[in-house]
Each structure stands twice: as structure tokens, then as C-alpha cells.
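Next up, query33.cif (mmCIF, C-alpha atoms):
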data_upload
loop_
_atom_site.label_atom_id
_atom_site.label_comp_id
_atom_site.auth_asym_id
_atom_site.auth_seq_id
_atom_site.Cartn_x
_atom_site.Cartn_y
_atom_site.Cartn_z
CA ARG A 1 0.00 0.00 0.00
CA ALA A 2 1.20 3.53 -0.73
CA GLY A 3 -0.01 7.11 -0.74
CA VAL A 4 0.97 10.42 -2.28
CA VAL A 5 1.94 13.33 -0.02
CA GLY A 6 1.98 16.78 -1.61
CA ARG A 7 4.06 19.84 -0.75
CA ASP A 8 1.23 20.99 1.51
CA ALA A 9 1.84 17.84 3.64
CA HIS A 10 -1.62 16.47 2.84
CA ALA A 11 -1.90 12.84 1.70
CA ALA A 12 -3.91 11.65 -1.29
CA PRO A 13 -5.99 8.43 -1.06
CA VAL A 14 -4.08 5.22 -0.45
CA VAL A 15 -3.03 3.22 -3.51
CA HIS A 16 -3.32 -0.55 -3.00
CA ARG A 17 -1.31 -1.70 -6.02
CA PRO A 18 2.20 -0.39 -6.82
CA ARG A 19 1.49 -0.39 -10.56
CA HIS A 20 -1.25 2.22 -9.97
CA LEU A 21 0.99 4.50 -7.88
CA VAL A 22 2.69 6.12 -10.88
CA ALA A 23 -0.65 7.33 -12.24
CA HIS A 24 -1.38 9.05 -8.91
CA LEU A 25 2.10 10.57 -8.79
CA ASP A 26 1.83 11.74 -12.39
CA ARG A 27 -1.44 13.53 -11.64
CA ALA A 28 0.09 15.09 -8.51
CA ALA A 29 3.02 16.34 -10.63
CA GLY A 30 0.70 17.78 -13.28
CA GLY A 31 1.69 15.21 -15.86
CA ALA A 32 5.40 15.99 -15.55
CA LEU A 33 6.62 12.93 -13.64
CA GLY A 34 10.06 12.01 -14.94
CA ALA A 35 11.49 9.59 -12.36
CA ALA A 36 10.77 7.87 -9.03
CA ALA A 37 12.84 7.27 -5.91
CA LEU A 38 12.21 4.49 -3.38
CA ALA A 39 12.98 5.01 0.31
CA ALA A 40 13.77 1.84 2.25
CA ALA A 41 15.05 1.18 5.77
CA GLY A 42 18.27 -0.76 6.19
CA ALA A 43 21.51 -1.18 4.26
CA ILE A 44 20.86 -0.05 0.68
CA ALA A 45 23.22 -0.55 -2.27
CA HIS A 46 22.29 2.76 -3.88
CA GLU A 47 24.22 2.29 -7.12
CA GLU A 48 23.04 -1.30 -7.60
CA GLY A 49 19.39 -0.56 -6.76
CA LYS A 50 19.34 -3.31 -4.13
CA VAL A 51 18.19 -3.76 -0.54
CA VAL A 52 21.13 -5.62 1.02
CA TRP A 53 19.88 -5.93 4.60
CA ALA A 54 16.59 -4.78 6.13
CA PRO A 55 16.27 -5.77 9.82
CA GLN A 56 12.66 -4.55 10.01
CA ILE A 57 11.58 -6.26 6.74
CA PRO A 58 13.38 -9.64 6.53
CA CYS A 59 11.79 -10.59 3.19
CA LEU A 60 13.72 -7.76 1.52
CA HIS A 61 17.21 -9.09 2.26
CA ASP A 62 19.42 -8.96 -0.84
CA VAL A 63 16.57 -7.98 -3.20
CA ALA A 64 17.11 -6.04 -6.47
CA ILE A 65 14.01 -3.97 -5.84
CA VAL A 66 14.68 -1.24 -8.41
CA GLU A 67 14.66 -3.83 -11.19
CA MET A 68 11.31 -5.11 -9.91
CA PHE A 69 9.72 -1.65 -10.01
CA GLN A 70 11.18 -0.76 -13.39
CA HIS A 71 9.27 -3.73 -14.80
CA LEU A 72 6.08 -2.09 -13.49
CA TRP A 73 6.82 1.56 -14.31
CA SER A 74 8.08 3.11 -17.52
CA ILE A 75 10.21 5.79 -15.82
CA PRO A 76 13.71 5.71 -14.27
CA VAL A 77 13.69 4.38 -10.67
CA SER A 78 16.34 4.70 -7.95
CA ILE A 79 16.53 3.68 -4.29
CA ASP A 80 18.21 4.99 -1.16
CA ASN A 81 18.09 4.58 2.58
CA ASP A 82 14.98 6.25 4.01
CA ALA A 83 16.95 8.34 6.51
CA ASN A 84 19.25 9.57 3.72
CA LEU A 85 16.24 10.72 1.71
CA ALA A 86 14.60 12.29 4.76
CA ALA A 87 17.86 14.16 5.39
CA LEU A 88 17.87 15.25 1.75
CA ALA A 89 14.29 16.57 2.07
CA GLU A 90 15.18 18.56 5.20
CA HIS A 91 18.29 19.91 3.50
CA ARG A 92 16.37 21.05 0.42
CA LEU A 93 13.04 22.08 1.93
CA GLY A 94 13.08 21.88 5.73
CA ALA A 95 14.89 22.49 8.98
CA SER A 96 18.48 22.17 7.72
CA GLN A 97 18.27 24.54 4.76
CA GLY A 98 21.41 26.65 4.61
CA HIS A 99 23.48 24.19 6.65
CA HIS A 100 26.34 22.38 4.88
CA ASN A 101 27.05 19.60 7.41
CA VAL A 102 24.08 17.86 9.03
CA VAL A 103 23.25 14.64 10.89
CA PHE A 104 19.58 13.65 10.61
CA ILE A 105 18.23 11.03 13.05
CA THR A 106 15.06 8.99 12.60
CA ILE A 107 13.46 7.30 15.62
CA SER A 108 10.52 5.02 14.87
CA THR A 109 10.41 1.22 14.48
CA GLY A 110 14.21 1.38 14.43
CA ILE A 111 16.77 4.19 14.62
CA GLY A 112 18.49 5.46 11.49
CA GLY A 113 20.54 8.41 10.36
CA GLY A 114 21.37 10.47 7.30
CA ILE A 115 24.66 12.38 7.10
CA PHE A 116 25.33 15.44 4.95
CA LEU A 117 28.93 16.61 4.48
CA ASP A 118 29.63 19.63 2.27
CA ASP A 119 26.02 19.60 0.99
CA SER A 120 26.14 15.96 -0.16
CA VAL A 121 24.87 12.70 1.31
CA TYR A 122 27.79 10.87 2.90
CA ARG A 123 27.56 7.12 2.25
CA GLY A 124 30.94 5.87 3.45
CA HIS A 125 33.27 3.30 1.87
CA LEU A 126 30.65 0.55 1.56
CA GLY A 127 27.68 2.89 1.07
CA PHE A 128 26.04 2.17 4.44
CA ALA A 129 27.20 5.15 6.53
CA GLY A 130 24.52 6.65 8.75
CA GLU A 131 23.34 3.39 10.36
CA ILE A 132 23.81 4.98 13.77
CA GLY A 133 21.08 2.86 15.37
CA HIS A 134 23.46 -0.11 15.25
CA MET A 135 26.17 1.54 17.33
CA SER A 136 26.56 -0.33 20.62
CA VAL A 137 25.83 1.70 23.74
CA ASP A 138 25.85 -1.35 26.06
CA THR A 139 28.17 -4.22 25.19
CA HIS A 140 26.16 -6.54 27.47
CA GLY A 141 22.79 -5.36 26.17
CA PRO A 142 20.17 -7.22 24.10
CA LEU A 143 20.41 -7.90 20.39
CA GLY A 144 16.86 -6.92 19.46
CA ARG A 145 16.70 -6.86 15.65
CA SER A 146 20.29 -5.67 15.37
CA THR A 147 23.27 -7.99 15.08
CA ILE A 148 25.21 -5.72 17.50
CA PRO A 149 24.80 -6.38 21.25
CA GLY A 150 23.30 -3.41 23.06
CA ALA A 151 22.71 -1.39 19.89
CA TRP A 152 21.03 2.00 20.34
CA GLU A 153 18.12 0.76 18.22
CA SER A 154 17.65 -2.27 20.47
CA LEU A 155 17.27 -0.05 23.53
CA CYS A 156 15.58 3.17 22.43
CA SER A 157 13.52 2.65 19.26
CA GLY A 158 9.74 2.29 19.16
CA SER A 159 9.94 -1.49 18.84
CA ALA A 160 12.48 -1.62 21.71
CA ILE A 161 10.19 0.42 23.99
CA ALA A 162 7.32 -1.97 23.16
CA ARG A 163 9.56 -4.98 23.90
CA ILE A 164 10.71 -3.49 27.22
CA ALA A 165 7.10 -2.71 28.19
CA GLN A 166 6.10 -6.31 27.47
CA GLU A 167 9.02 -7.59 29.53
CA ARG A 168 8.07 -5.33 32.44
CA ILE A 169 4.44 -6.41 32.20
CA ARG A 170 5.48 -10.08 32.33
CA LEU A 171 7.70 -9.27 35.31
CA GLY A 172 4.76 -7.62 37.06
CA VAL A 173 2.55 -10.65 36.43
CA GLN A 174 5.18 -12.97 37.88
CA ARG A 175 5.63 -10.84 40.98
CA ASP A 176 2.10 -10.09 42.10
CA GLY A 177 -0.38 -10.75 39.30
CA VAL A 178 -2.10 -7.43 39.98
CA GLY A 179 -3.62 -5.99 36.79
CA GLY A 180 -3.39 -2.41 38.04
CA ARG A 181 0.38 -2.71 38.38
CA ASN A 182 0.65 -3.90 34.78
CA VAL A 183 -1.39 -0.98 33.52
CA GLY A 184 0.79 1.39 35.52
CA ILE A 185 4.00 -0.01 34.05
CA LEU A 186 2.67 0.29 30.50
CA ALA A 187 1.38 3.80 31.18
CA ASP A 188 4.85 4.85 32.34
CA TYR A 189 6.37 3.68 29.05
CA LEU A 190 3.66 5.24 26.91
CA ARG A 191 4.08 8.49 28.82
CA GLY A 192 7.80 8.34 28.12
CA MET A 193 7.15 7.78 24.43
CA ARG A 194 4.84 10.81 24.34
CA LEU A 195 7.34 13.04 26.15
CA LEU A 196 10.10 11.86 23.80
CA GLY A 197 8.04 12.11 20.63
CA ASN A 198 6.44 15.53 20.90
CA PRO A 199 9.65 17.60 21.01
CA LEU A 200 11.10 15.62 18.10
CA ARG A 201 8.01 16.17 15.96
CA ARG A 202 7.06 19.72 16.85
CA ARG A 203 10.09 21.70 17.96
CA ARG A 204 13.00 23.12 16.03
CA PRO A 205 16.22 24.38 17.68
CA ALA A 206 16.42 28.16 17.94
CA GLY A 207 18.00 29.75 14.90
CA VAL A 208 17.49 26.77 12.57
CA PRO A 209 15.45 27.81 9.51
CA GLY A 210 12.65 25.74 8.06
CA ARG A 211 9.08 25.73 6.86
CA GLU A 212 6.26 25.76 9.37
CA ARG A 213 3.71 22.99 8.99
CA PRO A 214 0.22 24.03 8.01
CA ALA A 215 -2.23 24.38 10.90
#

Would you kindly transcribe this structure into C-alpha cells?
Amino acid sequence: RAGVVGRDAHAAPVVHRPRHLVAHLDRAAGGALGAAALAAAGAIAHEEGKVVWAPQIPCLHDVAIVEMFQHLWSIPVSIDNDANLAALAEHRLGASQGHHNVVFITISTGIGGGIFLDDSVYRGHLGFAGEIGHMSVDTHGPLGRSTIPGAWESLCSGSAIARIAQERIRLGVQRDGVGGRNVGILADYLRGMRLLGNPLRRRRPAGVPGRERPA
């Protein structure tokens, strides 16, 4: 499933089949659609058009996805890491306009990053730079969906918070079996997610330019 989001940040109706998506995009572009870019989480071989490793979507490991979509669409298609493309959008249109060196961090199901150096996306020697969620912050910590023990993503992402909440709930059941305690534990984690999420979504550091979202 996919949707089209315009420059006004409003989404068009959901498209259920990828082959129909180009028609929606072409209408949104006024009939001037010349190419398409795919944003995917994980290690992306940008030049080869391949998803090499996607911890959140295991079925996409080592998949030449650009070739698949070019069979469906009659326009050039490219692919990049989703955080790289989000960083590119902020650099061109959003909060980091006018800044030459930027680190963009995404926190959702996992944790990712996009790095801009001298106004260009920095990909590193193998093309996978920016995977900051897989840096270890606790060498004795859990693996989660990362292959690195105690990775940042395994401790602080949305899926990690859900896992920790479930573990705490199970611990509460084992200790006293009181439903109210379980609800309290989960409420604490959800409250933490809200307090973490709102500043990231709604605030911009003082002095950093960018477009305001429509009311």
C-alpha cells in the first residue's frame, strides 16, 4: 500500500497496487513525472538498486528492488536509505536549509541516520554510513533486531520500547499478578514515548530555519 503526499503535507488516497501508484504521482506532478525514488530502511546498495539488509523487513534481504519496479513503471527508478532521503528533504526544503554539514536522526520502528557533508549525502566506503542505530551503547545489552549487542536501536527505538514494556508487564505478572500494576507499568512507558516524541516532531532548535507545517 502507498499514498501520495503533496508539498502541503496532505496525503492523497491510499493506492493498494504499486502499478497504480505512478498514475497518482503523475497527476500530482501535473503530468510531468520524470522519475521515481524508493525510500527503504536498512543497508541499501544505492548504485546497484538493491536492498542488502533490512532488519525490520526480513523478506527484503538482498533484493534487487529497483529492477522489480522498473518492470512495473516506464520511468527511471532509484533507491536509497529512508533516513538519507529524509535528510535530503530537510536539507532542500526543511529544517536544515542553509546548513552544509548535518546529521539527521530517525526514531521510529528502528533508529536510522542520514549524514550530509559539504552539501552531499555521505555514504561511506561501503555505502552504508549513517546506520547509527546499530552503534553499541551497552556491550552486554540485548540484540533486538540488530546484530550488534546493546545497539542503540535495540534499547531506544519504538519497537524496543514496546519490547521493554512487554518484559516489564510479564515481570509484574510474575511478581504479584495485579492488573493495576501492569497498567501502571505500560502507562509509564507510553508516557515516556509521548514526552520523547512531541519535542522531536514539533520543535526546532532556535535559529534553525525551516518551513512551518500548516495548521

(request) Rank A:Ser154, A:Gln97, A:Asn81, A:Ser120 by their smallest atom-to-atom distance to His134 in chain A, using only C-alpha atoms, and report the top residue only. (result)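 Among the listed residues, the smallest separation from His134 in chain A belongs to A:Ser154.
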
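Note that CA of His20 in chain A and CA of Leu88 in chain A are 25.9 Å apart.
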
(request) Considering all atoms listed in the file, return as a ChimeraX atom specification whatever protein or nucleic-acid residues lie within 10 Å of Ala160 in chain A, sequence-local ones (same chain, fewer than 3 positions apart) excluded. (result) /A:108-110,142,144-145,152-157,163-166

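The two atoms in question, CA of Arg19 in chain A and CA of Ala87 in chain A, are spaced 27.1 Å apart.
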
(message) Once the PyMOL selection byres ((chain A and resi 45-59) around 7) has been evaluated on this model, what residues remain selected, and can you format them as a PyMOL selection string?
(response) chain A and resi 41-44+60-66+78-80+127+145-146

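What separates CA of Pro76 in chain A from CA of His91 in chain A is a distance of 23.2 Å.
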
(message) Once the PyMOL selection byres ((chain A and resi 101) around 8) has been evaluated on this model, what residues remain selected, and can you format them as number ranges by chain?
(response) A: 99-100, 102-103, 115-119

(request) Identify, on the basis of all atoms listed in the file, every residue whose closest approach to Met135 in chain A does not exceed 9 Å; exclude the query and any residue fewer than 3 positions from it along the same chain; express the result as a VMD selection string. (result) chain A and resid 131 to 132 148 to 153

(request) Please provide as an MDAnalysis selection string all residues within 7 Å of Ile105 in chain A, with the sequence filter that same-chain residues fewer than 4 positions apart are discarded (counting only C-alpha atoms). (result) chainID A and resid 112:114

(message) Calculated over all atoms listed in the file, which of the candidates A:Gly98, A:Gly124, A:Gly31, A:Gly133 has the smallest distance to Ala83 in chain A?
(response)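 Between A:Gly98, A:Gly124, A:Gly31, A:Gly133, the residue approaching Ala83 in chain A most closely is A:Gly133.
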